[in-house]
>>> print(open('final-v4.pdb').read())   # PDB, C-alpha atoms and all ligand atoms
ATOM      1  CA  MET A 339     -25.428 -15.695   0.336
ATOM      2  CA  ALA A 340     -24.042 -17.487  -2.680
ATOM      3  CA  ARG A 341     -20.809 -18.635  -1.143
ATOM      4  CA  LYS A 342     -19.102 -21.387  -3.087
ATOM      5  CA  SER A 343     -19.213 -24.705  -1.324
ATOM      6  CA  SER A 344     -16.088 -26.521  -2.515
ATOM      7  CA  SER A 345     -13.448 -26.582   0.181
ATOM      8  CA  THR A 346     -10.777 -24.892  -1.915
ATOM      9  CA  GLU A 347     -13.112 -22.155  -2.952
ATOM     10  CA  SER A 348     -15.119 -21.770   0.203
ATOM     11  CA  ASN A 349     -13.479 -18.466   1.047
ATOM     12  CA  GLU A 350     -14.067 -16.967  -2.325
ATOM     13  CA  ILE A 351     -16.987 -14.706  -2.885
ATOM     14  CA  ASP A 352     -18.349 -13.171  -6.006
ATOM     15  CA  ALA A 353     -18.371  -9.425  -6.457
ATOM     16  CA  VAL A 354     -22.127  -9.488  -6.245
ATOM     17  CA  ASP A 355     -21.850 -11.034  -2.784
ATOM     18  CA  LEU A 356     -19.845  -8.093  -1.573
ATOM     19  CA  ILE A 357     -22.485  -5.721  -2.814
ATOM     20  CA  SER A 358     -25.439  -7.616  -1.473
ATOM     21  CA  LEU A 359     -23.991  -8.724   1.826
ATOM     22  CA  LEU A 360     -22.230  -5.727   3.143
ATOM     23  CA  SER A 361     -24.001  -2.596   4.159
ATOM     24  CA  MET A 362     -23.358   0.821   2.682
ATOM     25  CA  PRO A 363     -20.782   2.989   4.426
ATOM     26  CA  GLU A 364     -22.460   5.435   6.733
ATOM     27  CA  ASN A 365     -20.457   8.387   5.556
ATOM     28  CA  GLY A 366     -17.832   8.166   2.846
ATOM     29  CA  ASP A 367     -16.848  11.762   3.466
ATOM     30  CA  SER A 368     -15.503  10.932   6.872
ATOM     31  CA  TYR A 369     -12.335   9.762   5.164
ATOM     32  CA  GLU A 370     -11.565  13.193   3.715
ATOM     33  CA  ILE A 371      -8.094  14.314   4.641
ATOM     34  CA  GLU A 372      -6.264  17.540   4.940
ATOM     35  CA  LEU A 373      -2.528  17.633   5.048
ATOM     36  CA  SER A 374      -0.733  20.618   6.435
ATOM     37  CA  VAL A 375       2.730  21.241   7.757
ATOM     38  CA  PRO A 376       2.476  22.916  11.144
ATOM     39  CA  GLU A 377       5.315  24.817  12.782
ATOM     40  CA  GLN A 378       7.712  22.405  14.446
ATOM     41  CA  ASP A 379       7.450  24.287  17.749
ATOM     42  CA  ILE A 380       3.689  24.127  17.795
ATOM     43  CA  ASP A 381       3.916  20.389  17.265
ATOM     44  CA  LEU A 382       6.315  19.911  20.117
ATOM     45  CA  ILE A 383       4.059  21.848  22.456
ATOM     46  CA  ALA A 384       1.030  19.934  21.209
ATOM     47  CA  LEU A 385       2.631  16.524  21.606
ATOM     48  CA  GLY A 386       2.192  14.651  24.842
ATOM     49  CA  LYS A 387       4.840  12.313  26.248
ATOM     50  CA  GLU A 388       3.545   9.291  24.407
ATOM     51  CA  GLU A 389       3.305  11.115  21.118
ATOM     52  CA  LEU A 390       6.821  12.438  21.568
ATOM     53  CA  ALA A 391       8.027   8.864  21.733
ATOM     54  CA  LEU A 392       6.121   8.149  18.523
ATOM     55  CA  ALA A 393       7.555  11.283  16.972
ATOM     56  CA  LYS A 394      11.073   9.890  17.089
ATOM     57  CA  PRO A 395      12.053   9.197  13.489
ATOM     58  CA  PRO A 396      10.890   5.678  12.698
ATOM     59  CA  VAL A 397      13.341   3.058  11.436
ATOM     60  CA  PRO A 398      15.141   5.085   8.804
ATOM     61  CA  ILE A 399      15.014   4.174   5.160
ATOM     62  CA  SER A 400      18.734   4.532   4.923
ATOM     63  CA  ALA A 401      20.320   7.334   2.972
ATOM     64  CA  SER A 402      22.457   4.679   1.362
ATOM     65  CA  VAL A 403      19.572   2.688  -0.061
ATOM     66  CA  SER A 404      21.767   2.168  -3.052
ATOM     67  CA  LYS A 405      25.217   3.304  -3.867
ATOM     68  CA  THR A 406      24.212   4.142  -7.396
ATOM     69  CA  ILE A 407      20.773   5.568  -6.674
ATOM     70  CA  PRO A 408      20.973   8.598  -4.406
ATOM     71  CA  THR A 409      18.143   8.526  -1.916
ATOM     72  CA  THR A 410      18.048  10.637   1.195
ATOM     73  CA  LEU A 411      15.644  11.179   4.013
ATOM     74  CA  THR A 412      14.214  14.332   5.374
ATOM     75  CA  THR A 413      11.977  14.390   8.405
ATOM     76  CA  GLN A 414       8.820  16.429   8.271
ATOM     77  CA  THR A 415       6.004  16.622  10.749
ATOM     78  CA  LYS A 416       2.618  16.682   9.126
ATOM     79  CA  THR A 417      -0.861  16.802  10.503
ATOM     80  CA  VAL A 418      -3.205  14.215   9.080
ATOM     81  CA  ALA A 419      -6.717  15.306   9.839
ATOM     82  CA  LYS A 420     -10.001  13.451   9.729
ATOM     83  CA  PRO A 421     -13.160  15.134  10.900
ATOM     84  CA  GLN A 422     -13.354  14.658  14.664
ATOM     85  CA  GLN A 423      -9.875  13.212  14.732
ATOM     86  CA  THR A 424      -6.462  14.747  14.202
ATOM     87  CA  GLN A 425      -3.302  12.738  14.263
ATOM     88  CA  THR A 426       0.154  14.242  14.437
ATOM     89  CA  LYS A 427       2.990  12.010  13.430
ATOM     90  CA  THR A 428       6.524  12.378  12.297
ATOM     91  CA  VAL A 429       6.921  10.878   8.884
ATOM     92  CA  ASN A 430      10.246  10.233   7.253
ATOM     93  CA  VAL A 431       9.824  11.462   3.733
ATOM     94  CA  LEU A 432      12.186  10.281   1.038
ATOM     95  CA  THR A 433      13.598  13.074  -1.061
ATOM     96  CA  PRO A 434      12.689  12.794  -4.719
ATOM     97  CA  ILE A 435      15.014  10.400  -6.444
ATOM     98  CA  GLN A 436      17.641  12.127  -8.570
ATOM     99  CA  GLY A 437      19.440  11.088 -11.715
ATOM    100  CA  PHE A 438      16.540   9.511 -13.594
ATOM    101  CA  GLU A 439      15.299  12.476 -15.605
ATOM    102  CA  ASN A 440      14.807  10.310 -18.697
ATOM    103  CA  ASP A 441      13.426   7.341 -16.830
ATOM    104  CA  SER A 442      10.840   4.996 -18.343
ATOM    105  CA  PHE A 443       8.934   1.894 -17.290
ATOM    106  CA  ASP A 444      11.027  -0.118 -19.736
ATOM    107  CA  GLN A 445      14.205   1.105 -18.097
ATOM    108  CA  ILE A 446      12.876   0.351 -14.610
ATOM    109  CA  ARG A 447      11.923  -3.163 -15.701
ATOM    110  CA  LYS A 448      15.388  -3.687 -17.196
ATOM    111  CA  ASP A 449      17.070  -2.398 -14.044
ATOM    112  CA  ILE A 450      14.938  -4.632 -11.841
ATOM    113  CA  SER A 451      15.610  -7.675 -14.004
ATOM    114  CA  VAL A 452      19.377  -7.343 -13.571
ATOM    115  CA  CYS A 453      19.213  -6.243  -9.928
ATOM    116  CA  GLN A 454      21.405  -8.255  -7.576
ATOM    117  CA  GLN A 455      21.220  -5.988  -4.560
ATOM    118  CA  CYS A 456      19.773  -8.664  -2.312
ATOM    119  CA  GLY A 457      19.700 -12.448  -2.133
ATOM    120  CA  LEU A 458      16.241 -12.723  -3.681
ATOM    121  CA  CYS A 459      17.829 -12.455  -7.124
ATOM    122  CA  LYS A 460      19.187 -15.974  -6.580
ATOM    123  CA  THR A 461      15.806 -17.574  -5.895
ATOM    124  CA  ARG A 462      13.415 -15.589  -8.093
ATOM    125  CA  LYS A 463      11.995 -17.091 -11.272
ATOM    126  CA  ASN A 464      10.883 -13.717 -12.592
ATOM    127  CA  VAL A 465      10.962 -10.160 -11.391
ATOM    128  CA  VAL A 466       7.559  -8.628 -10.663
ATOM    129  CA  PRO A 467       7.841  -4.883 -11.285
ATOM    130  CA  GLY A 468       4.181  -3.847 -11.383
ATOM    131  CA  VAL A 469       1.190  -3.664 -13.681
ATOM    132  CA  GLY A 470      -1.415  -1.172 -14.761
ATOM    133  CA  ASN A 471      -1.970   2.380 -15.841
ATOM    134  CA  GLU A 472       1.211   4.396 -16.017
ATOM    135  CA  HIS A 473      -0.806   7.558 -15.300
ATOM    136  CA  ALA A 474      -2.886   6.083 -12.495
ATOM    137  CA  LYS A 475      -4.336   8.401  -9.871
ATOM    138  CA  LEU A 476      -4.159   5.528  -7.402
ATOM    139  CA  VAL A 477      -1.325   3.077  -6.838
ATOM    140  CA  LEU A 478      -1.940  -0.019  -4.731
ATOM    141  CA  ILE A 479       1.129  -1.388  -2.967
ATOM    142  CA  GLY A 480       1.432  -4.867  -1.519
ATOM    143  CA  GLU A 481       4.434  -6.350   0.203
ATOM    144  CA  ALA A 482       6.034  -8.859  -2.136
ATOM    145  CA  PRO A 483       5.221 -11.294  -4.921
ATOM    146  CA  GLY A 484       4.083 -14.799  -4.053
ATOM    147  CA  ALA A 485       4.556 -18.053  -5.962
ATOM    148  CA  ASP A 486       2.035 -17.311  -8.725
ATOM    149  CA  GLU A 487       3.379 -13.813  -9.193
ATOM    150  CA  ASP A 488       6.937 -15.163  -9.357
ATOM    151  CA  ILE A 489       5.897 -17.532 -12.153
ATOM    152  CA  GLN A 490       3.963 -14.944 -14.144
ATOM    153  CA  GLY A 491       5.975 -11.809 -13.385
ATOM    154  CA  ILE A 492       2.751  -9.943 -12.570
ATOM    155  CA  PRO A 493       1.599  -8.827  -9.109
ATOM    156  CA  PHE A 494      -1.572 -10.092  -7.459
ATOM    157  CA  VAL A 495      -2.456 -12.858  -9.909
ATOM    158  CA  GLY A 496      -2.795 -15.639  -7.313
ATOM    159  CA  LYS A 497      -5.677 -16.404  -4.964
ATOM    160  CA  ALA A 498      -5.251 -13.191  -2.980
ATOM    161  CA  GLY A 499      -5.058 -11.225  -6.199
ATOM    162  CA  LYS A 500      -8.307 -12.737  -7.449
ATOM    163  CA  HIS A 501      -9.980 -11.731  -4.209
ATOM    164  CA  LEU A 502      -8.578  -8.230  -4.639
ATOM    165  CA  ASP A 503      -9.954  -8.121  -8.189
ATOM    166  CA  LYS A 504     -13.424  -8.877  -6.878
ATOM    167  CA  ILE A 505     -13.219  -6.248  -4.175
ATOM    168  CA  LEU A 506     -11.992  -3.626  -6.642
ATOM    169  CA  ALA A 507     -14.671  -4.505  -9.171
ATOM    170  CA  ALA A 508     -17.407  -4.500  -6.548
ATOM    171  CA  ALA A 509     -16.366  -1.018  -5.448
ATOM    172  CA  GLY A 510     -16.486   0.181  -9.047
ATOM    173  CA  PHE A 511     -12.779   0.443  -9.736
ATOM    174  CA  LYS A 512     -11.634  -0.449 -13.213
ATOM    175  CA  LYS A 513      -8.426  -2.363 -12.665
ATOM    176  CA  GLU A 514      -6.889  -0.937 -15.831
ATOM    177  CA  GLU A 515      -7.159   2.570 -14.323
ATOM    178  CA  LEU A 516      -4.941   1.611 -11.402
ATOM    179  CA  TYR A 517      -1.304   0.707 -10.984
ATOM    180  CA  ILE A 518      -0.573  -2.284  -8.759
ATOM    181  CA  CYS A 519       2.827  -3.263  -7.451
ATOM    182  CA  ASN A 520       4.728  -4.403  -4.384
ATOM    183  CA  ILE A 521       7.490  -3.022  -2.223
ATOM    184  CA  LEU A 522       9.662  -5.972  -3.238
ATOM    185  CA  LYS A 523      10.014  -6.813  -6.881
ATOM    186  CA  CYS A 524      11.176 -10.381  -6.216
ATOM    187  CA  ARG A 525       9.567 -13.209  -4.270
ATOM    188  CA  PRO A 526      10.925 -14.047  -0.824
ATOM    189  CA  PRO A 527      11.385 -17.839  -0.703
ATOM    190  CA  ASN A 528       8.592 -19.847   0.922
ATOM    191  CA  ASN A 529       6.486 -16.683   1.038
ATOM    192  CA  ARG A 530       8.293 -15.436   4.115
ATOM    193  CA  ASP A 531       7.836 -11.796   5.040
ATOM    194  CA  PRO A 532      10.136  -9.327   3.340
ATOM    195  CA  ASN A 533      12.878  -8.108   5.618
ATOM    196  CA  LEU A 534      13.788  -4.487   6.130
ATOM    197  CA  ALA A 535      17.102  -4.712   4.273
ATOM    198  CA  GLU A 536      15.347  -6.137   1.204
ATOM    199  CA  MET A 537      12.699  -3.443   1.321
ATOM    200  CA  LYS A 538      15.318  -0.704   1.624
ATOM    201  CA  VAL A 539      17.333  -1.788  -1.384
ATOM    202  CA  CYS A 540      14.177  -2.244  -3.448
ATOM    203  CA  THR A 541      12.648   1.121  -2.537
ATOM    204  CA  PRO A 542      14.359   3.145  -5.277
ATOM    205  CA  PHE A 543      12.491   1.097  -7.891
ATOM    206  CA  LEU A 544       9.191   1.968  -6.249
ATOM    207  CA  GLN A 545      10.271   5.587  -5.992
ATOM    208  CA  ARG A 546      11.068   5.638  -9.674
ATOM    209  CA  GLN A 547       7.716   4.073 -10.517
ATOM    210  CA  LEU A 548       5.896   6.647  -8.404
ATOM    211  CA  ALA A 549       7.964   9.466  -9.912
ATOM    212  CA  LEU A 550       6.752   8.442 -13.375
ATOM    213  CA  ILE A 551       3.147   7.736 -12.413
ATOM    214  CA  LYS A 552       2.712  10.741 -10.098
ATOM    215  CA  PRO A 553      -0.354   9.253  -8.377
ATOM    216  CA  LYS A 554      -2.579  11.371  -6.180
ATOM    217  CA  LEU A 555      -3.226   8.510  -3.771
ATOM    218  CA  ILE A 556      -1.572   5.339  -2.528
ATOM    219  CA  GLY A 557      -3.402   2.366  -1.040
ATOM    220  CA  CYS A 558      -1.318   0.077   1.154
ATOM    221  CA  LEU A 559      -2.401  -3.543   1.212
ATOM    222  CA  GLY A 560      -1.607  -5.118   4.550
ATOM    223  CA  ASN A 561       0.392  -4.504   7.664
ATOM    224  CA  ILE A 562       3.868  -4.803   6.159
ATOM    225  CA  SER A 563       3.151  -2.425   3.315
ATOM    226  CA  ALA A 564       1.437   0.084   5.613
ATOM    227  CA  HIS A 565       4.220   0.013   8.182
ATOM    228  CA  TYR A 566       6.894   0.497   5.601
ATOM    229  CA  VAL A 567       5.152   3.086   3.422
ATOM    230  CA  ILE A 568       3.524   5.060   6.245
ATOM    231  CA  SER A 569       5.682   4.552   9.306
ATOM    232  CA  PRO A 570       6.801   1.687  11.549
ATOM    233  CA  SER A 571       5.541   3.691  14.517
ATOM    234  CA  ILE A 572       1.884   3.413  13.564
ATOM    235  CA  PRO A 573      -0.322   0.856  15.332
ATOM    236  CA  GLY A 574      -1.202  -2.467  13.695
ATOM    237  CA  ILE A 575      -3.339  -2.678  10.591
ATOM    238  CA  THR A 576      -6.502  -3.604  12.478
ATOM    239  CA  ARG A 577      -6.318  -0.216  14.196
ATOM    240  CA  ILE A 578      -5.248   1.964  11.286
ATOM    241  CA  ARG A 579      -7.152   0.459   8.369
ATOM    242  CA  GLY A 580      -9.567   2.851   6.750
ATOM    243  CA  GLN A 581      -7.438   5.844   7.698
ATOM    244  CA  TRP A 582      -5.326   8.247   5.694
ATOM    245  CA  PHE A 583      -1.736   9.072   6.484
ATOM    246  CA  ASP A 584       1.165  10.835   4.931
ATOM    247  CA  SER A 585       3.864   8.451   3.769
ATOM    248  CA  ILE A 586       7.544   8.190   2.975
ATOM    249  CA  PHE A 587       6.614   9.088  -0.601
ATOM    250  CA  GLY A 588       4.840  12.292   0.449
ATOM    251  CA  ILE A 589       1.601  11.037  -1.103
ATOM    252  CA  PRO A 590      -1.638  10.642   0.896
ATOM    253  CA  THR A 591      -1.824   6.964   1.759
ATOM    254  CA  PHE A 592      -4.762   4.802   2.789
ATOM    255  CA  ALA A 593      -4.240   1.714   4.942
ATOM    256  CA  MET A 594      -6.185  -1.436   4.102
ATOM    257  CA  TYR A 595      -6.154  -5.115   4.896
ATOM    258  CA  HIS A 596      -4.197  -7.470   2.686
ATOM    259  CA  PRO A 597      -6.480  -9.644   0.536
ATOM    260  CA  SER A 598      -4.768 -12.822   1.750
ATOM    261  CA  TYR A 599      -5.828 -11.942   5.291
ATOM    262  CA  LEU A 600      -9.364 -11.497   4.023
ATOM    263  CA  ILE A 601      -9.557 -14.867   2.300
ATOM    264  CA  ARG A 602      -8.679 -16.538   5.590
ATOM    265  CA  SER A 603     -11.741 -14.974   7.174
ATOM    266  CA  GLU A 604     -15.093 -16.522   6.318
ATOM    267  CA  SER A 605     -17.314 -14.018   8.032
ATOM    268  CA  ARG A 606     -19.084 -11.221   6.227
ATOM    269  CA  GLU A 607     -20.815 -10.038   9.420
ATOM    270  CA  LYS A 608     -20.823  -6.387  10.307
ATOM    271  CA  GLY A 609     -17.476  -5.656  11.942
ATOM    272  CA  SER A 610     -15.677  -8.627  10.342
ATOM    273  CA  PRO A 611     -12.476  -7.985   8.322
ATOM    274  CA  ASN A 612     -14.297  -8.474   5.003
ATOM    275  CA  TRP A 613     -17.040  -6.112   6.094
ATOM    276  CA  GLN A 614     -14.415  -3.576   7.189
ATOM    277  CA  MET A 615     -12.617  -3.915   3.865
ATOM    278  CA  TRP A 616     -15.854  -3.245   2.088
ATOM    279  CA  GLN A 617     -16.277   0.002   4.002
ATOM    280  CA  ASP A 618     -12.678   0.931   3.321
ATOM    281  CA  ILE A 619     -12.609   0.224  -0.387
ATOM    282  CA  ARG A 620     -15.728   2.271  -0.911
ATOM    283  CA  ALA A 621     -14.279   5.129   1.124
ATOM    284  CA  LEU A 622     -11.204   4.920  -1.072
ATOM    285  CA  LYS A 623     -13.385   4.947  -4.179
ATOM    286  CA  ALA A 624     -15.259   8.007  -2.926
ATOM    287  CA  LYS A 625     -11.973   9.815  -2.387
ATOM    288  CA  TYR A 626     -10.720   8.650  -5.794
ATOM    289  CA  ASP A 627     -13.876   9.892  -7.513
ATOM    290  CA  SER A 628     -13.569  13.261  -5.815
ATOM    291  CA  LEU A 629     -10.157  13.952  -7.377
TER     292      LEU A 629
HETATM  293  N1  LIG B   1       0.754 -10.626  -1.976
HETATM  294  C1  LIG B   1       1.379  -9.442  -2.203
HETATM  295  O1  LIG B   1       1.635  -8.680  -1.281
HETATM  296  N2  LIG B   1       1.689  -9.156  -3.462
HETATM  297  C2  LIG B   1       1.406  -9.930  -4.494
HETATM  298  O2  LIG B   1       1.732  -9.550  -5.621
HETATM  299  C3  LIG B   1       0.753 -11.141  -4.236
HETATM  300  C4  LIG B   1       0.428 -11.475  -2.970
END
>>> encode(input="final-v4.pdb", output="structure tokens", more="lines below")
Ligand code: URA
Amino acid sequence: MARKSSSTESNEIDAVDLISLLSMPENGDSYEIELSVPEQDIDLIALGKEELALAKPPVPISASVSKTIPTTLTTQTKTVAKPQQTQTKTVNVLTPIQGFENDSFDQIRKDISVCQQCGLCKTRKNVVPGVGNEHAKLVLIGEAPGADEDIQGIPFVGKAGKHLDKILAAAGFKKEELYICNILKCRPPNNRDPNLAEMKVCTPFLQRQLALIKPKLIGCLGNISAHYVISPSIPGITRIRGQWFDSIFGIPTFAMYHPSYLIRSESREKGSPNWQMWQDIRALKAKYDSL
């Protein structure tokens, strides 16, 4: 394998490495999903004790996300089905955001750039709204901008972003077809994790972006994004990656590793995180191509 040998670049791999090193997925179709809304009563009968605990509404995305942007929650139970596996979960679905009938990406950018709803406005260099195709079928959502993104005002331009670019290219995605953004539009200082309050107040911007784009699919990059966009009651990313879920946006959502986790892992062996990501991204591509 043509892994680069310099210490700073030793984790980086070329797209061709991904193709040559990682085996083909056994069955891309196994990621097909069906979403249906079963009768509430049937769900309650079907749920065991453990699942009932899971079915409690997860940490709510508060109805008062913003005083000026009305956002409310409704709770729906949906069945997310994979062949040979059916999961029933309660997902808190945000109601469509109201009051932005004439919204535009320019307006969203302007609103983000003057936003002072959390403390990150004091430490950011630039806001990082999102980048890509405004009619994308697939939106990829990370957690928050890092240092490079803060400087450039564009998501996923740093080391993790470059790794993501290679993975996307190797799977046959054209980056310009996609829309890429984060839950937070401003960088948390010292790259700390976003906190729930920050994510809540920032969510209306993401809702507005999704309302304009109207994607068919969402891909969550990493544990924080998956737990916020899908549900905090789901297991950790190592257990749910490669699976489809409903999400707070009511859009089928695929859970994947974060590229910065992948660049910390050297191995490309079968079963390693990079190998798993390779299976997942190709499953996502197969689903994307089937739309
Ligand atoms: N990590 C993220 O989650 N988002 C970025 O934009 C960059 C790194």
>>> closest_residue(input="final-v4.pdb", among="A:Cys459, A:Gly510, A:Ser598, A:Pro542", to="Val495 of chain A", atoms="only C-alpha atoms")
A:Ser598
>>> residues_near_ligand(input="final-v4.pdb", ligand="ligand LIG 1 (chain B)", cutoff="8 Å", atoms="only C-alpha atoms and all ligand atoms", output="list of chain:residue names")
A:Val466, A:Ile479, A:Gly480, A:Glu481, A:Ala482, A:Pro483, A:Gly484, A:Asp486, A:Glu487, A:Ile492, A:Pro493, A:Phe494, A:Val495, A:Gly496, A:Ala498, A:Gly499, A:Cys519, A:Asn520, A:Leu559, A:Gly560, A:Ser563, A:His596, A:Pro597, A:Ser598
>>> atom_distance(input="final-v4.pdb", atom1="atom CA of Leu534 of chain A", atom2="atom CA of Thr433 of chain A")
19.0 Å
>>> closest_residue(input="final-v4.pdb", among="A:Pro526, A:Gly457, A:His473, A:Ile572", to="Glu514 of chain A", atoms="all atoms listed in the file")
A:His473
>>> atom_distance(input="final-v4.pdb", atom1="atom CA of Ala549 of chain A", atom2="atom CA of Asp627 of chain A")
22.0 Å
>>> closest_residue(input="final-v4.pdb", among="A:Tyr566, A:Tyr517, A:Phe443, A:Trp616", to="Met537 of chain A", atoms="all atoms listed in the file")
A:Tyr566
>>> closest_residue(input="final-v4.pdb", among="A:His565, A:Lys475, A:Lys523, A:Lys608", to="Val452 of chain A", atoms="only C-alpha atoms")
A:Lys523
>>> axis_aligned_box(input="final-v4.pdb", around="segment 521-537 of chain A", padding_each_side="4 Å", output="JSON")
{"center_x": 11.8, "center_y": -11.4, "center_z": -0.4, "size_x": 18.6, "size_y": 24.8, "size_z": 21.0}
>>> atom_distance(input="final-v4.pdb", atom1="atom CA of Ile505 of chain A", atom2="atom CA of Lys552 of chain A")
24.0 Å
>>> residues_around(input="final-v4.pdb", residues="Phe592 of chain A", least_positions_apart="2", cutoff="7 Å", atoms="only C-alpha atoms", output="PyMOL selection string")
chain A and resi 556-558+580-583+590+594
>>> closest_residue(input="final-v4.pdb", among="A:Asn533, A:Leu502, A:Lys513, A:Ile521", to="Gly470 of chain A", atoms="only C-alpha atoms")
A:Lys513
>>> resolve_selection(input="final-v4.pdb", expression="the PyMOL selection byres (((chain A and resi 446) around 10) and not hetatm)", output="PyMOL selection string")
chain A and resi 438+441-445+447-451+467+542-544+546-547
>>> resolve_selection(input="final-v4.pdb", expression="the PyMOL selection byres (((chain A and resi 474) around 7) and not hetatm)", output="PyMOL selection string")
chain A and resi 471-473+475-477+515-517+551+553
>>> write_last_selection(input="final-v4.pdb", atoms="C-alpha atoms", output="mmCIF file, in the frame of the given file")
data_model
loop_
_atom_site.group_PDB
_atom_site.id
_atom_site.type_symbol
_atom_site.label_atom_id
_atom_site.label_comp_id
_atom_site.auth_asym_id
_atom_site.auth_seq_id
_atom_site.Cartn_x
_atom_site.Cartn_y
_atom_site.Cartn_z
ATOM 1 C CA ASN A 471 -1.970 2.380 -15.841
ATOM 2 C CA GLU A 472 1.211 4.396 -16.017
ATOM 3 C CA HIS A 473 -0.806 7.558 -15.300
ATOM 4 C CA LYS A 475 -4.336 8.401 -9.871
ATOM 5 C CA LEU A 476 -4.159 5.528 -7.402
ATOM 6 C CA VAL A 477 -1.325 3.077 -6.838
ATOM 7 C CA GLU A 515 -7.159 2.570 -14.323
ATOM 8 C CA LEU A 516 -4.941 1.611 -11.402
ATOM 9 C CA TYR A 517 -1.304 0.707 -10.984
ATOM 10 C CA ILE A 551 3.147 7.736 -12.413
ATOM 11 C CA PRO A 553 -0.354 9.253 -8.377
#
>>> closest_residue(input="final-v4.pdb", among="A:Ile575, A:Ile589, A:Leu555, A:Val567", to="Ser628 of chain A", atoms="only C-alpha atoms")
A:Leu555
